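> Have a peek at model_2.pdb (PDB, C-alpha atoms and all ligand atoms).
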ATOM      1  CA  MET A   1       5.405   6.932  -3.196  1.00  0.00           C
ATOM      2  CA  THR A   2       4.577  10.496  -2.226  1.00  0.00           C
ATOM      3  CA  ALA A   3       5.496  11.621   1.276  1.00  0.00           C
ATOM      4  CA  PRO A   4       2.466  11.909   3.594  1.00  0.00           C
ATOM      5  CA  LYS A   5       3.071  15.567   4.468  1.00  0.00           C
ATOM      6  CA  GLY A   6       2.133  18.338   2.126  1.00  0.00           C
ATOM      7  CA  ALA A   7      -0.981  19.832   0.707  1.00  0.00           C
ATOM      8  CA  SER A   8      -3.094  17.888  -1.701  1.00  0.00           C
ATOM      9  CA  ARG A   9      -5.971  19.437  -3.602  1.00  0.00           C
ATOM     10  CA  THR A  10      -8.487  16.896  -2.309  1.00  0.00           C
ATOM     11  CA  PRO A  11      -9.642  16.143   1.242  1.00  0.00           C
ATOM     12  CA  ILE A  12      -8.562  12.508   1.014  1.00  0.00           C
ATOM     13  CA  ASP A  13      -5.274  10.971  -0.101  1.00  0.00           C
ATOM     14  CA  LEU A  14      -5.723   7.259  -0.829  1.00  0.00           C
ATOM     15  CA  TYR A  15      -2.636   5.052  -0.804  1.00  0.00           C
ATOM     16  CA  THR A  16      -3.691   2.024  -2.765  1.00  0.00           C
ATOM     17  CA  ALA A  17      -3.088  -0.619  -5.426  1.00  0.00           C
ATOM     18  CA  ALA A  18      -5.282  -2.742  -7.729  1.00  0.00           C
ATOM     19  CA  THR A  19      -6.573  -5.146  -5.093  1.00  0.00           C
ATOM     20  CA  PRO A  20      -9.950  -5.897  -3.457  1.00  0.00           C
ATOM     21  CA  ASN A  21      -9.007  -4.135  -0.220  1.00  0.00           C
ATOM     22  CA  GLY A  22      -7.884  -1.050  -2.136  1.00  0.00           C
ATOM     23  CA  HIS A  23     -10.986  -1.035  -4.327  1.00  0.00           C
ATOM     24  CA  LYS A  24     -13.288  -1.076  -1.302  1.00  0.00           C
ATOM     25  CA  VAL A  25     -12.080   2.417  -0.438  1.00  0.00           C
ATOM     26  CA  SER A  26     -11.995   3.890  -3.965  1.00  0.00           C
ATOM     27  CA  ILE A  27     -15.543   2.553  -4.542  1.00  0.00           C
ATOM     28  CA  MET A  28     -16.706   4.064  -1.242  1.00  0.00           C
ATOM     29  CA  LEU A  29     -15.159   7.438  -2.104  1.00  0.00           C
ATOM     30  CA  GLU A  30     -16.865   7.341  -5.500  1.00  0.00           C
ATOM     31  CA  GLU A  31     -20.194   6.388  -3.895  1.00  0.00           C
ATOM     32  CA  ILE A  32     -20.146   9.259  -1.418  1.00  0.00           C
ATOM     33  CA  GLY A  33     -18.778  11.707  -3.985  1.00  0.00           C
ATOM     34  CA  MET A  34     -15.768  12.681  -1.912  1.00  0.00           C
ATOM     35  CA  PRO A  35     -12.849  13.966  -3.977  1.00  0.00           C
ATOM     36  CA  TYR A  36      -9.635  12.002  -3.474  1.00  0.00           C
ATOM     37  CA  THR A  37      -6.135  11.699  -4.796  1.00  0.00           C
ATOM     38  CA  VAL A  38      -4.849   8.236  -5.652  1.00  0.00           C
ATOM     39  CA  ARG A  39      -1.305   7.623  -4.420  1.00  0.00           C
ATOM     40  CA  LEU A  40      -0.270   4.398  -6.117  1.00  0.00           C
ATOM     41  CA  ILE A  41       1.821   1.999  -4.081  1.00  0.00           C
ATOM     42  CA  ASP A  42       4.107  -0.152  -6.202  1.00  0.00           C
ATOM     43  CA  PHE A  43       4.310  -3.609  -4.600  1.00  0.00           C
ATOM     44  CA  GLY A  44       7.030  -4.556  -7.094  1.00  0.00           C
ATOM     45  CA  ARG A  45       9.238  -1.884  -5.516  1.00  0.00           C
ATOM     46  CA  ARG A  46       8.014  -2.801  -2.015  1.00  0.00           C
ATOM     47  CA  GLU A  47       6.849   0.760  -1.390  1.00  0.00           C
ATOM     48  CA  GLN A  48       4.449  -0.570   1.256  1.00  0.00           C
ATOM     49  CA  LYS A  49       7.449  -1.502   3.423  1.00  0.00           C
ATOM     50  CA  THR A  50       9.322   1.821   3.267  1.00  0.00           C
ATOM     51  CA  PRO A  51       9.815   3.787   6.508  1.00  0.00           C
ATOM     52  CA  GLN A  52       7.480   6.559   5.222  1.00  0.00           C
ATOM     53  CA  PHE A  53       4.714   4.079   4.534  1.00  0.00           C
ATOM     54  CA  LEU A  54       5.259   2.141   7.772  1.00  0.00           C
ATOM     55  CA  ALA A  55       4.922   5.433   9.640  1.00  0.00           C
ATOM     56  CA  MET A  56       1.347   5.550   8.315  1.00  0.00           C
ATOM     57  CA  ASN A  57       0.595   1.831   8.613  1.00  0.00           C
ATOM     58  CA  PRO A  58       2.975  -0.270  10.714  1.00  0.00           C
ATOM     59  CA  ASN A  59       1.372  -3.344   9.102  1.00  0.00           C
ATOM     60  CA  GLY A  60       2.882  -2.344   5.740  1.00  0.00           C
ATOM     61  CA  ARG A  61      -0.271  -2.879   3.683  1.00  0.00           C
ATOM     62  CA  ILE A  62      -2.695  -0.885   1.604  1.00  0.00           C
ATOM     63  CA  PRO A  63      -5.188   0.776   1.799  1.00  0.00           C
ATOM     64  CA  VAL A  64      -4.311   3.832   3.857  1.00  0.00           C
ATOM     65  CA  ILE A  65      -6.087   7.177   3.798  1.00  0.00           C
ATOM     66  CA  VAL A  66      -4.906  10.567   4.965  1.00  0.00           C
ATOM     67  CA  ASP A  67      -7.768  12.951   5.677  1.00  0.00           C
ATOM     68  CA  ARG A  68      -6.300  16.356   4.829  1.00  0.00           C
ATOM     69  CA  ALA A  69      -9.532  18.005   5.937  1.00  0.00           C
ATOM     70  CA  ASN A  70      -9.217  16.525   9.433  1.00  0.00           C
ATOM     71  CA  GLY A  71      -5.705  17.427  10.562  1.00  0.00           C
ATOM     72  CA  ASP A  72      -3.986  14.896   8.258  1.00  0.00           C
ATOM     73  CA  TYR A  73      -5.698  12.070  10.122  1.00  0.00           C
ATOM     74  CA  VAL A  74      -4.193   8.751   8.971  1.00  0.00           C
ATOM     75  CA  MET A  75      -6.157   5.500   8.893  1.00  0.00           C
ATOM     76  CA  PHE A  76      -5.419   1.943   7.841  1.00  0.00           C
ATOM     77  CA  GLU A  77      -7.548  -1.278   7.779  1.00  0.00           C
ATOM     78  CA  SER A  78     -10.121  -1.097   5.017  1.00  0.00           C
ATOM     79  CA  GLY A  79     -13.109  -1.980   7.231  1.00  0.00           C
ATOM     80  CA  ALA A  80     -12.291   0.820   9.659  1.00  0.00           C
ATOM     81  CA  ILE A  81     -11.786   3.232   6.755  1.00  0.00           C
ATOM     82  CA  LEU A  82     -15.217   2.335   5.337  1.00  0.00           C
ATOM     83  CA  MET A  83     -16.829   3.002   8.714  1.00  0.00           C
ATOM     84  CA  TYR A  84     -14.985   6.323   9.048  1.00  0.00           C
ATOM     85  CA  LEU A  85     -16.048   7.481   5.575  1.00  0.00           C
ATOM     86  CA  ALA A  86     -19.635   6.351   6.207  1.00  0.00           C
ATOM     87  CA  GLU A  87     -19.742   8.396   9.407  1.00  0.00           C
ATOM     88  CA  LEU A  88     -18.077  11.393   7.781  1.00  0.00           C
ATOM     89  CA  SER A  89     -20.520  11.439   4.877  1.00  0.00           C
ATOM     90  CA  GLY A  90     -23.633  10.172   6.661  1.00  0.00           C
ATOM     91  CA  GLN A  91     -24.031   7.603   3.858  1.00  0.00           C
ATOM     92  CA  LEU A  92     -24.069   3.816   3.393  1.00  0.00           C
ATOM     93  CA  MET A  93     -24.405   2.978   7.081  1.00  0.00           C
ATOM     94  CA  PRO A  94     -27.677   3.329   9.003  1.00  0.00           C
ATOM     95  CA  THR A  95     -27.816   5.324  12.221  1.00  0.00           C
ATOM     96  CA  GLU A  96     -30.442   3.190  13.978  1.00  0.00           C
ATOM     97  CA  GLN A  97     -28.541   0.914  16.352  1.00  0.00           C
ATOM     98  CA  LYS A  98     -29.710  -2.538  15.293  1.00  0.00           C
ATOM     99  CA  ALA A  99     -29.565  -1.751  11.597  1.00  0.00           C
ATOM    100  CA  ARG A 100     -26.107  -0.247  12.071  1.00  0.00           C
ATOM    101  CA  TYR A 101     -24.761  -3.335  13.815  1.00  0.00           C
ATOM    102  CA  ARG A 102     -26.206  -5.618  11.151  1.00  0.00           C
ATOM    103  CA  VAL A 103     -24.003  -3.727   8.704  1.00  0.00           C
ATOM    104  CA  VAL A 104     -20.994  -3.974  11.043  1.00  0.00           C
ATOM    105  CA  GLN A 105     -21.663  -7.712  11.408  1.00  0.00           C
ATOM    106  CA  TRP A 106     -21.521  -8.360   7.644  1.00  0.00           C
ATOM    107  CA  LEU A 107     -18.517  -6.074   7.344  1.00  0.00           C
ATOM    108  CA  MET A 108     -16.708  -8.156   9.987  1.00  0.00           C
ATOM    109  CA  PHE A 109     -17.782 -11.320   8.163  1.00  0.00           C
ATOM    110  CA  GLN A 110     -15.816 -10.071   5.181  1.00  0.00           C
ATOM    111  CA  MET A 111     -12.844  -8.751   7.149  1.00  0.00           C
ATOM    112  CA  SER A 112     -12.344 -11.881   9.244  1.00  0.00           C
ATOM    113  CA  GLY A 113     -13.588 -14.571   6.848  1.00  0.00           C
ATOM    114  CA  LEU A 114     -14.175 -13.975   3.169  1.00  0.00           C
ATOM    115  CA  GLY A 115     -11.145 -11.721   2.575  1.00  0.00           C
ATOM    116  CA  PRO A 116      -8.544 -13.824   4.421  1.00  0.00           C
ATOM    117  CA  MET A 117      -9.834 -17.133   3.004  1.00  0.00           C
ATOM    118  CA  MET A 118     -10.060 -15.945  -0.599  1.00  0.00           C
ATOM    119  CA  GLY A 119      -6.708 -14.205  -0.172  1.00  0.00           C
ATOM    120  CA  GLN A 120      -5.114 -17.505   0.857  1.00  0.00           C
ATOM    121  CA  ALA A 121      -6.892 -19.295  -2.011  1.00  0.00           C
ATOM    122  CA  ASN A 122      -5.159 -16.811  -4.333  1.00  0.00           C
ATOM    123  CA  VAL A 123      -1.811 -17.509  -2.686  1.00  0.00           C
ATOM    124  CA  PHE A 124      -1.988 -21.286  -3.012  1.00  0.00           C
ATOM    125  CA  TYR A 125      -3.961 -21.545  -6.254  1.00  0.00           C
ATOM    126  CA  ARG A 126      -2.437 -18.617  -8.196  1.00  0.00           C
ATOM    127  CA  TYR A 127       0.869 -17.516  -6.779  1.00  0.00           C
ATOM    128  CA  PHE A 128       2.768 -20.478  -5.326  1.00  0.00           C
ATOM    129  CA  GLU A 129       4.656 -22.339  -8.020  1.00  0.00           C
ATOM    130  CA  GLU A 130       4.483 -25.488  -5.919  1.00  0.00           C
ATOM    131  CA  LYS A 131       0.833 -26.544  -5.999  1.00  0.00           C
ATOM    132  CA  ILE A 132      -0.015 -27.881  -2.539  1.00  0.00           C
ATOM    133  CA  GLN A 133      -3.386 -29.468  -3.227  1.00  0.00           C
ATOM    134  CA  PRO A 134      -4.634 -29.815   0.390  1.00  0.00           C
ATOM    135  CA  ALA A 135      -3.965 -26.095   0.961  1.00  0.00           C
ATOM    136  CA  ILE A 136      -5.677 -25.131  -2.317  1.00  0.00           C
ATOM    137  CA  ASP A 137      -8.670 -27.303  -1.396  1.00  0.00           C
ATOM    138  CA  ARG A 138      -8.876 -25.952   2.125  1.00  0.00           C
ATOM    139  CA  TYR A 139      -9.006 -22.272   1.087  1.00  0.00           C
ATOM    140  CA  GLN A 140     -11.162 -22.755  -1.979  1.00  0.00           C
ATOM    141  CA  HIS A 141     -13.662 -24.826   0.010  1.00  0.00           C
ATOM    142  CA  GLU A 142     -13.755 -22.294   2.807  1.00  0.00           C
ATOM    143  CA  GLY A 143     -14.123 -19.436   0.280  1.00  0.00           C
ATOM    144  CA  LYS A 144     -16.966 -21.306  -1.410  1.00  0.00           C
ATOM    145  CA  ARG A 145     -18.608 -21.993   1.948  1.00  0.00           C
ATOM    146  CA  LEU A 146     -18.519 -18.288   2.836  1.00  0.00           C
ATOM    147  CA  LEU A 147     -19.865 -17.305  -0.593  1.00  0.00           C
ATOM    148  CA  THR A 148     -22.681 -19.799   0.002  1.00  0.00           C
ATOM    149  CA  VAL A 149     -23.455 -18.036   3.300  1.00  0.00           C
ATOM    150  CA  LEU A 150     -23.716 -14.754   1.360  1.00  0.00           C
ATOM    151  CA  ASP A 151     -25.963 -16.467  -1.197  1.00  0.00           C
ATOM    152  CA  GLY A 152     -28.278 -17.571   1.622  1.00  0.00           C
ATOM    153  CA  GLN A 153     -28.379 -14.097   3.150  1.00  0.00           C
ATOM    154  CA  LEU A 154     -29.248 -12.639  -0.262  1.00  0.00           C
ATOM    155  CA  ALA A 155     -32.278 -14.891  -0.770  1.00  0.00           C
ATOM    156  CA  GLY A 156     -35.244 -12.569  -1.318  1.00  0.00           C
ATOM    157  CA  ARG A 157     -33.227  -9.388  -0.823  1.00  0.00           C
ATOM    158  CA  ASP A 158     -31.231  -7.056  -3.046  1.00  0.00           C
ATOM    159  CA  TYR A 159     -28.528  -6.194  -0.510  1.00  0.00           C
ATOM    160  CA  LEU A 160     -26.885  -7.889   2.471  1.00  0.00           C
ATOM    161  CA  CYS A 161     -28.702  -5.654   4.949  1.00  0.00           C
ATOM    162  CA  ASP A 162     -31.820  -3.488   4.705  1.00  0.00           C
ATOM    163  CA  GLU A 163     -30.247  -1.115   2.193  1.00  0.00           C
ATOM    164  CA  TYR A 164     -27.105  -0.875   0.072  1.00  0.00           C
ATOM    165  CA  SER A 165     -24.245  -0.311   2.531  1.00  0.00           C
ATOM    166  CA  ILE A 166     -20.531  -0.595   3.207  1.00  0.00           C
ATOM    167  CA  ALA A 167     -21.164  -4.306   3.934  1.00  0.00           C
ATOM    168  CA  ASP A 168     -22.068  -4.794   0.262  1.00  0.00           C
ATOM    169  CA  ILE A 169     -19.016  -2.859  -0.908  1.00  0.00           C
ATOM    170  CA  ALA A 170     -16.624  -4.859   1.289  1.00  0.00           C
ATOM    171  CA  ASN A 171     -18.018  -8.296   0.448  1.00  0.00           C
ATOM    172  CA  TRP A 172     -18.543  -7.511  -3.230  1.00  0.00           C
ATOM    173  CA  CYS A 173     -14.908  -6.549  -3.761  1.00  0.00           C
ATOM    174  CA  TRP A 174     -13.808 -10.043  -2.688  1.00  0.00           C
ATOM    175  CA  ALA A 175     -16.721 -12.048  -4.073  1.00  0.00           C
ATOM    176  CA  ALA A 176     -16.231 -10.455  -7.503  1.00  0.00           C
ATOM    177  CA  GLY A 177     -12.763 -12.055  -7.605  1.00  0.00           C
ATOM    178  CA  HIS A 178     -14.051 -15.627  -7.280  1.00  0.00           C
ATOM    179  CA  GLU A 179     -12.630 -16.647 -10.674  1.00  0.00           C
ATOM    180  CA  TRP A 180      -9.152 -15.400  -9.788  1.00  0.00           C
ATOM    181  CA  SER A 181      -9.392 -17.519  -6.605  1.00  0.00           C
ATOM    182  CA  GLY A 182     -10.535 -20.522  -8.684  1.00  0.00           C
ATOM    183  CA  ILE A 183     -13.897 -20.756  -6.900  1.00  0.00           C
ATOM    184  CA  ASP A 184     -16.896 -21.921  -8.921  1.00  0.00           C
ATOM    185  CA  ILE A 185     -20.123 -20.112  -8.005  1.00  0.00           C
ATOM    186  CA  SER A 186     -22.492 -22.072 -10.231  1.00  0.00           C
ATOM    187  CA  GLY A 187     -25.786 -22.619  -8.426  1.00  0.00           C
ATOM    188  CA  LEU A 188     -25.304 -19.536  -6.216  1.00  0.00           C
ATOM    189  CA  ASP A 189     -27.933 -17.564  -8.113  1.00  0.00           C
ATOM    190  CA  ASN A 190     -28.682 -14.950  -5.437  1.00  0.00           C
ATOM    191  CA  LEU A 191     -24.980 -14.202  -5.202  1.00  0.00           C
ATOM    192  CA  LYS A 192     -24.650 -13.950  -8.988  1.00  0.00           C
ATOM    193  CA  ALA A 193     -27.586 -11.529  -9.223  1.00  0.00           C
ATOM    194  CA  TRP A 194     -26.112  -9.398  -6.409  1.00  0.00           C
ATOM    195  CA  LEU A 195     -22.663  -9.419  -8.059  1.00  0.00           C
ATOM    196  CA  ALA A 196     -24.270  -8.089 -11.242  1.00  0.00           C
ATOM    197  CA  ARG A 197     -26.495  -5.582  -9.360  1.00  0.00           C
ATOM    198  CA  ILE A 198     -23.616  -4.019  -7.437  1.00  0.00           C
ATOM    199  CA  GLY A 199     -21.250  -4.303 -10.402  1.00  0.00           C
ATOM    200  CA  ALA A 200     -23.659  -2.237 -12.513  1.00  0.00           C
ATOM    201  CA  ARG A 201     -23.412   0.765 -10.178  1.00  0.00           C
ATOM    202  CA  PRO A 202     -21.504   3.592 -11.905  1.00  0.00           C
ATOM    203  CA  ALA A 203     -19.579   4.425  -8.705  1.00  0.00           C
ATOM    204  CA  VAL A 204     -18.473   0.803  -8.371  1.00  0.00           C
ATOM    205  CA  GLN A 205     -17.306   0.760 -11.977  1.00  0.00           C
ATOM    206  CA  ARG A 206     -15.372   3.991 -11.493  1.00  0.00           C
ATOM    207  CA  GLY A 207     -13.871   2.928  -8.167  1.00  0.00           C
ATOM    208  CA  ARG A 208     -12.688  -0.377  -9.586  1.00  0.00           C
ATOM    209  CA  GLN A 209     -10.583   1.532 -12.103  1.00  0.00           C
ATOM    210  CA  GLN A 210      -8.590   3.259  -9.302  1.00  0.00           C
ATOM    211  CA  PRO A 211      -6.378   1.517 -10.298  1.00  0.00           C
ATOM    212  CA  ALA A 212      -7.686  -1.198 -12.604  1.00  0.00           C
ATOM    213  CA  PHE A 213      -6.737  -4.837 -11.984  1.00  0.00           C
ATOM    214  CA  VAL A 214      -5.192  -6.346 -15.084  1.00  0.00           C
ATOM    215  CA  PRO A 215      -4.266 -10.027 -14.606  1.00  0.00           C
ATOM    216  CA  ARG A 216      -0.721 -10.377 -15.878  1.00  0.00           C
ATOM    217  CA  LYS A 217       2.485 -12.198 -15.085  1.00  0.00           C
ATOM    218  CA  GLU A 218       4.007  -9.243 -13.185  1.00  0.00           C
ATOM    219  CA  ILE A 219       1.144  -9.373 -10.656  1.00  0.00           C
ATOM    220  CA  ILE A 220       1.938 -12.986  -9.901  1.00  0.00           C
ATOM    221  CA  ASP A 221       5.664 -12.169  -9.563  1.00  0.00           C
ATOM    222  CA  GLU A 222       4.902  -9.264  -7.202  1.00  0.00           C
ATOM    223  CA  ALA A 223       2.586 -11.431  -5.133  1.00  0.00           C
ATOM    224  CA  LYS A 224       5.255 -14.129  -4.859  1.00  0.00           C
ATOM    225  CA  SER A 225       7.793 -11.603  -3.626  1.00  0.00           C
ATOM    226  CA  MET A 226       5.291 -10.361  -0.976  1.00  0.00           C
ATOM    227  CA  ILE A 227       4.531 -13.881   0.246  1.00  0.00           C
ATOM    228  CA  MET A 228       8.219 -14.622   0.743  1.00  0.00           C
ATOM    229  CA  HIS A 229       8.879 -11.513   2.886  1.00  0.00           C
TER     230      HIS A 229
HETATM  231  N1  LIG B 301      -6.942  -6.296   6.774  1.00  0.00           N
HETATM  232  C1  LIG B 301      -6.260  -5.385   5.871  1.00  0.00           C
HETATM  233  C2  LIG B 301      -5.586  -6.195   4.776  1.00  0.00           C
HETATM  234  C3  LIG B 301      -4.802  -5.314   3.848  1.00  0.00           C
HETATM  235  C4  LIG B 301      -4.043  -6.154   2.817  1.00  0.00           C
HETATM  236  O1  LIG B 301      -3.867  -7.368   2.963  1.00  0.00           O
HETATM  237  N2  LIG B 301      -3.559  -5.469   1.775  1.00  0.00           N
HETATM  238  C5  LIG B 301      -2.789  -6.144   0.742  1.00  0.00           C
HETATM  239  C6  LIG B 301      -3.390  -5.878  -0.615  1.00  0.00           C
HETATM  240  S1  LIG B 301      -5.064  -6.467  -0.711  1.00  0.00           S
HETATM  241  C7  LIG B 301      -1.375  -5.598   0.738  1.00  0.00           C
HETATM  242  O2  LIG B 301      -1.165  -4.428   0.944  1.00  0.00           O
HETATM  243  N3  LIG B 301      -0.382  -6.455   0.498  1.00  0.00           N
HETATM  244  C8  LIG B 301       0.976  -6.057   0.440  1.00  0.00           C
HETATM  245  C9  LIG B 301       1.860  -6.931   1.285  1.00  0.00           C
HETATM  246  O3  LIG B 301       1.383  -7.944   1.818  1.00  0.00           O
HETATM  247  O4  LIG B 301       3.040  -6.610   1.379  1.00  0.00           O
HETATM  248  C10 LIG B 301      -7.283  -4.412   5.273  1.00  0.00           C
HETATM  249  O5  LIG B 301      -8.419  -4.837   5.038  1.00  0.00           O
HETATM  250  O6  LIG B 301      -6.954  -3.238   5.065  1.00  0.00           O
END
Render the structure in this file as structure tokens.

Amino acid sequence: MTAPKGASRTPIDLYTAATPNGHKVSIMLEEIGMPYTVRLIDFGRREQKTPQFLAMNPNGRIPVIVDRANGDYVMFESGAILMYLAELSGQLMPTEQKARYRVVQWLMFQMSGLGPMMGQANVFYRYFEEKIQPAIDRYQHEGKRLLTVLDGQLAGRDYLCDEYSIADIANWCWAAGHEWSGIDISGLDNLKAWLARIGARPAVQRGRQQPAFVPRKEIIDEAKSMIMH
């Protein structure tokens, strides 16, 4: 991990890894065309728990940004970072009050519901060696229920709110991982069309490569070591 102090050639330093919460921010930065430097955090080496990292985010998790163009302003929590970048760029978040809070509402839906539930589905379905069926069922069912809510919201519309926004980016990053969470989305046709629509955006494709998620055994081992600490 690179120390937070020191000049970088881009306005934003992004401390991240190949996860949905990390990809939300790289996709947003790609969408708004803001140059950034990726600072990879190696979970295998527990870099997210080092004193330097904890000084930026006491919660010891990615993503974190440092805004070099704003007095090295440090931010953690992906939803807050999306709102900050939307405000900074004047993009992907409406200014009109009601429209703005509709976006915040669907962002919070992801932050408090979809992300945590699908994250726990991954833990019990993918990472735990001991397969605790009631826990797998609980989180997969809840994940599916929340994806069904998104499907309903997307009936007759292309995006979650009036226009493409940070709410789409946040929810898409988790919804796109439904297979990894073992959640079947057959029958959720609005959701499937939206997944494809957002997934076709060049900025989304670029952001998802920063860094790319490659399912492999080491990821499962790293995840196990995180769960146990
Ligand atoms: N609510 C936080 C969640 C961040 C989070 O859970 N990050 C995970 C990766 S997706 C992480 O850093 N895990 C490392 C760990 O648990 O040690 C956010 O949205 O930023």
> Please produce, as CSV, a per-residue contact table for chain A versus ligand LIG 301 (chain B) (criterion: any atom at most 9 Å away, only C-alpha atoms and all ligand atoms considered), showing the nearest atom pair and its distance in Å to one decimal, sorted by chain then residue number.

residue,atom,partner,partner_atom,distance
A:Thr16,CA,B:LIG301,O2,7.9
A:Ala17,CA,B:LIG301,C6,7.1
A:Ala18,CA,B:LIG301,S1,7.9
A:Thr19,CA,B:LIG301,S1,4.8
A:Pro20,CA,B:LIG301,S1,5.6
A:Asn21,CA,B:LIG301,S1,4.6
A:Gly22,CA,B:LIG301,S1,6.3
A:His23,CA,B:LIG301,S1,8.8
A:Lys24,CA,B:LIG301,O5,8.8
A:Ile41,CA,B:LIG301,O2,8.7
A:Phe43,CA,B:LIG301,C8,6.5
A:Arg46,CA,B:LIG301,O4,7.1
A:Glu47,CA,B:LIG301,O4,8.7
A:Gln48,CA,B:LIG301,O4,6.2
A:Lys49,CA,B:LIG301,O4,7.1
A:Asn59,CA,B:LIG301,C3,8.3
A:Gly60,CA,B:LIG301,O4,6.1
A:Arg61,CA,B:LIG301,O2,3.3
A:Ile62,CA,B:LIG301,O2,3.9
A:Pro63,CA,B:LIG301,O6,5.5
A:Val64,CA,B:LIG301,O6,7.6
A:Phe76,CA,B:LIG301,O6,6.1
A:Glu77,CA,B:LIG301,O6,3.4
A:Ser78,CA,B:LIG301,O6,3.8
A:Gly79,CA,B:LIG301,O5,5.9
A:Ala80,CA,B:LIG301,O6,8.1
A:Ile81,CA,B:LIG301,O6,8.3
A:Met111,CA,B:LIG301,O5,6.3
A:Ser112,CA,B:LIG301,N1,8.2
A:Gly115,CA,B:LIG301,O5,7.8
A:Pro116,CA,B:LIG301,N1,8.0
A:Gly119,CA,B:LIG301,S1,7.9
A:Ala223,CA,B:LIG301,O3,7.9
A:Ser225,CA,B:LIG301,O4,8.5
A:Met226,CA,B:LIG301,O4,5.0
A:Ile227,CA,B:LIG301,O3,6.9
A:His229,CA,B:LIG301,O4,7.8
> Once you have the residues from the selection above, write them out as a PDB file, in the coordinates of the input, restricted to C-alpha atoms.

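So the final result, stored in result-v4.pdb, reads:
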ATOM      1  CA  THR A  16      -3.691   2.024  -2.765  1.00  0.00           C
ATOM      2  CA  ALA A  17      -3.088  -0.619  -5.426  1.00  0.00           C
ATOM      3  CA  ALA A  18      -5.282  -2.742  -7.729  1.00  0.00           C
ATOM      4  CA  THR A  19      -6.573  -5.146  -5.093  1.00  0.00           C
ATOM      5  CA  PRO A  20      -9.950  -5.897  -3.457  1.00  0.00           C
ATOM      6  CA  ASN A  21      -9.007  -4.135  -0.220  1.00  0.00           C
ATOM      7  CA  GLY A  22      -7.884  -1.050  -2.136  1.00  0.00           C
ATOM      8  CA  HIS A  23     -10.986  -1.035  -4.327  1.00  0.00           C
ATOM      9  CA  LYS A  24     -13.288  -1.076  -1.302  1.00  0.00           C
ATOM     10  CA  ILE A  41       1.821   1.999  -4.081  1.00  0.00           C
ATOM     11  CA  PHE A  43       4.310  -3.609  -4.600  1.00  0.00           C
ATOM     12  CA  ARG A  46       8.014  -2.801  -2.015  1.00  0.00           C
ATOM     13  CA  GLU A  47       6.849   0.760  -1.390  1.00  0.00           C
ATOM     14  CA  GLN A  48       4.449  -0.570   1.256  1.00  0.00           C
ATOM     15  CA  LYS A  49       7.449  -1.502   3.423  1.00  0.00           C
ATOM     16  CA  ASN A  59       1.372  -3.344   9.102  1.00  0.00           C
ATOM     17  CA  GLY A  60       2.882  -2.344   5.740  1.00  0.00           C
ATOM     18  CA  ARG A  61      -0.271  -2.879   3.683  1.00  0.00           C
ATOM     19  CA  ILE A  62      -2.695  -0.885   1.604  1.00  0.00           C
ATOM     20  CA  PRO A  63      -5.188   0.776   1.799  1.00  0.00           C
ATOM     21  CA  VAL A  64      -4.311   3.832   3.857  1.00  0.00           C
ATOM     22  CA  PHE A  76      -5.419   1.943   7.841  1.00  0.00           C
ATOM     23  CA  GLU A  77      -7.548  -1.278   7.779  1.00  0.00           C
ATOM     24  CA  SER A  78     -10.121  -1.097   5.017  1.00  0.00           C
ATOM     25  CA  GLY A  79     -13.109  -1.980   7.231  1.00  0.00           C
ATOM     26  CA  ALA A  80     -12.291   0.820   9.659  1.00  0.00           C
ATOM     27  CA  ILE A  81     -11.786   3.232   6.755  1.00  0.00           C
ATOM     28  CA  MET A 111     -12.844  -8.751   7.149  1.00  0.00           C
ATOM     29  CA  SER A 112     -12.344 -11.881   9.244  1.00  0.00           C
ATOM     30  CA  GLY A 115     -11.145 -11.721   2.575  1.00  0.00           C
ATOM     31  CA  PRO A 116      -8.544 -13.824   4.421  1.00  0.00           C
ATOM     32  CA  GLY A 119      -6.708 -14.205  -0.172  1.00  0.00           C
ATOM     33  CA  ALA A 223       2.586 -11.431  -5.133  1.00  0.00           C
ATOM     34  CA  SER A 225       7.793 -11.603  -3.626  1.00  0.00           C
ATOM     35  CA  MET A 226       5.291 -10.361  -0.976  1.00  0.00           C
ATOM     36  CA  ILE A 227       4.531 -13.881   0.246  1.00  0.00           C
ATOM     37  CA  HIS A 229       8.879 -11.513   2.886  1.00  0.00           C
TER      38      HIS A 229
END
> Which of these residues is nearest to Ala203 in chain A, using only C-alpha atoms: A:Ile27, A:Ala176, A:Ala170, A:Ala55?
A:Ile27
> Which polymer residues have any atom within 8 Å of an atom of Pro11 in chain A, counting all atoms listed in the file, with same-chain residues fewer than 3 positions away left out, as JSON, numbers by chain?
{"A": [8, 34, 35, 36, 67, 68, 69]}
> Given the choices A:Cys161, A:Ile169, A:Ala196, A:Ile185, which gets closest to Lys98 in chain A if the distance is worked out from all atoms listed in the file?
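Of the candidates, the smallest distance to Lys98 in chain A is held by A:Cys161.
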> For Tyr101 in chain A, which of A:Leu114, A:Val38, A:Ala193, A:Ala167 is the closest residue, counting only C-alpha atoms?
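Answer, going by the shortest atom-to-atom distance: A:Ala167.
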> List every protein, DNA or RNA residue that has an atom no more than 10 Å from (-26.9, -0.6, -6.7) in the file's coordinate frame, counting all atoms listed in the file, and report them as an mmCIF file with C-alpha atoms, keeping the file's coordinate frame.

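Output saved as point.cif:
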data_model
loop_
_atom_site.group_PDB
_atom_site.id
_atom_site.type_symbol
_atom_site.label_atom_id
_atom_site.label_comp_id
_atom_site.auth_asym_id
_atom_site.auth_seq_id
_atom_site.Cartn_x
_atom_site.Cartn_y
_atom_site.Cartn_z
ATOM 1 C CA ASP A 158 -31.231 -7.056 -3.046
ATOM 2 C CA TYR A 159 -28.528 -6.194 -0.510
ATOM 3 C CA GLU A 163 -30.247 -1.115 2.193
ATOM 4 C CA TYR A 164 -27.105 -0.875 0.072
ATOM 5 C CA SER A 165 -24.245 -0.311 2.531
ATOM 6 C CA ASP A 168 -22.068 -4.794 0.262
ATOM 7 C CA TRP A 194 -26.112 -9.398 -6.409
ATOM 8 C CA LEU A 195 -22.663 -9.419 -8.059
ATOM 9 C CA ALA A 196 -24.270 -8.089 -11.242
ATOM 10 C CA ARG A 197 -26.495 -5.582 -9.360
ATOM 11 C CA ILE A 198 -23.616 -4.019 -7.437
ATOM 12 C CA GLY A 199 -21.250 -4.303 -10.402
ATOM 13 C CA ALA A 200 -23.659 -2.237 -12.513
ATOM 14 C CA ARG A 201 -23.412 0.765 -10.178
ATOM 15 C CA PRO A 202 -21.504 3.592 -11.905
ATOM 16 C CA ALA A 203 -19.579 4.425 -8.705
ATOM 17 C CA VAL A 204 -18.473 0.803 -8.371
#
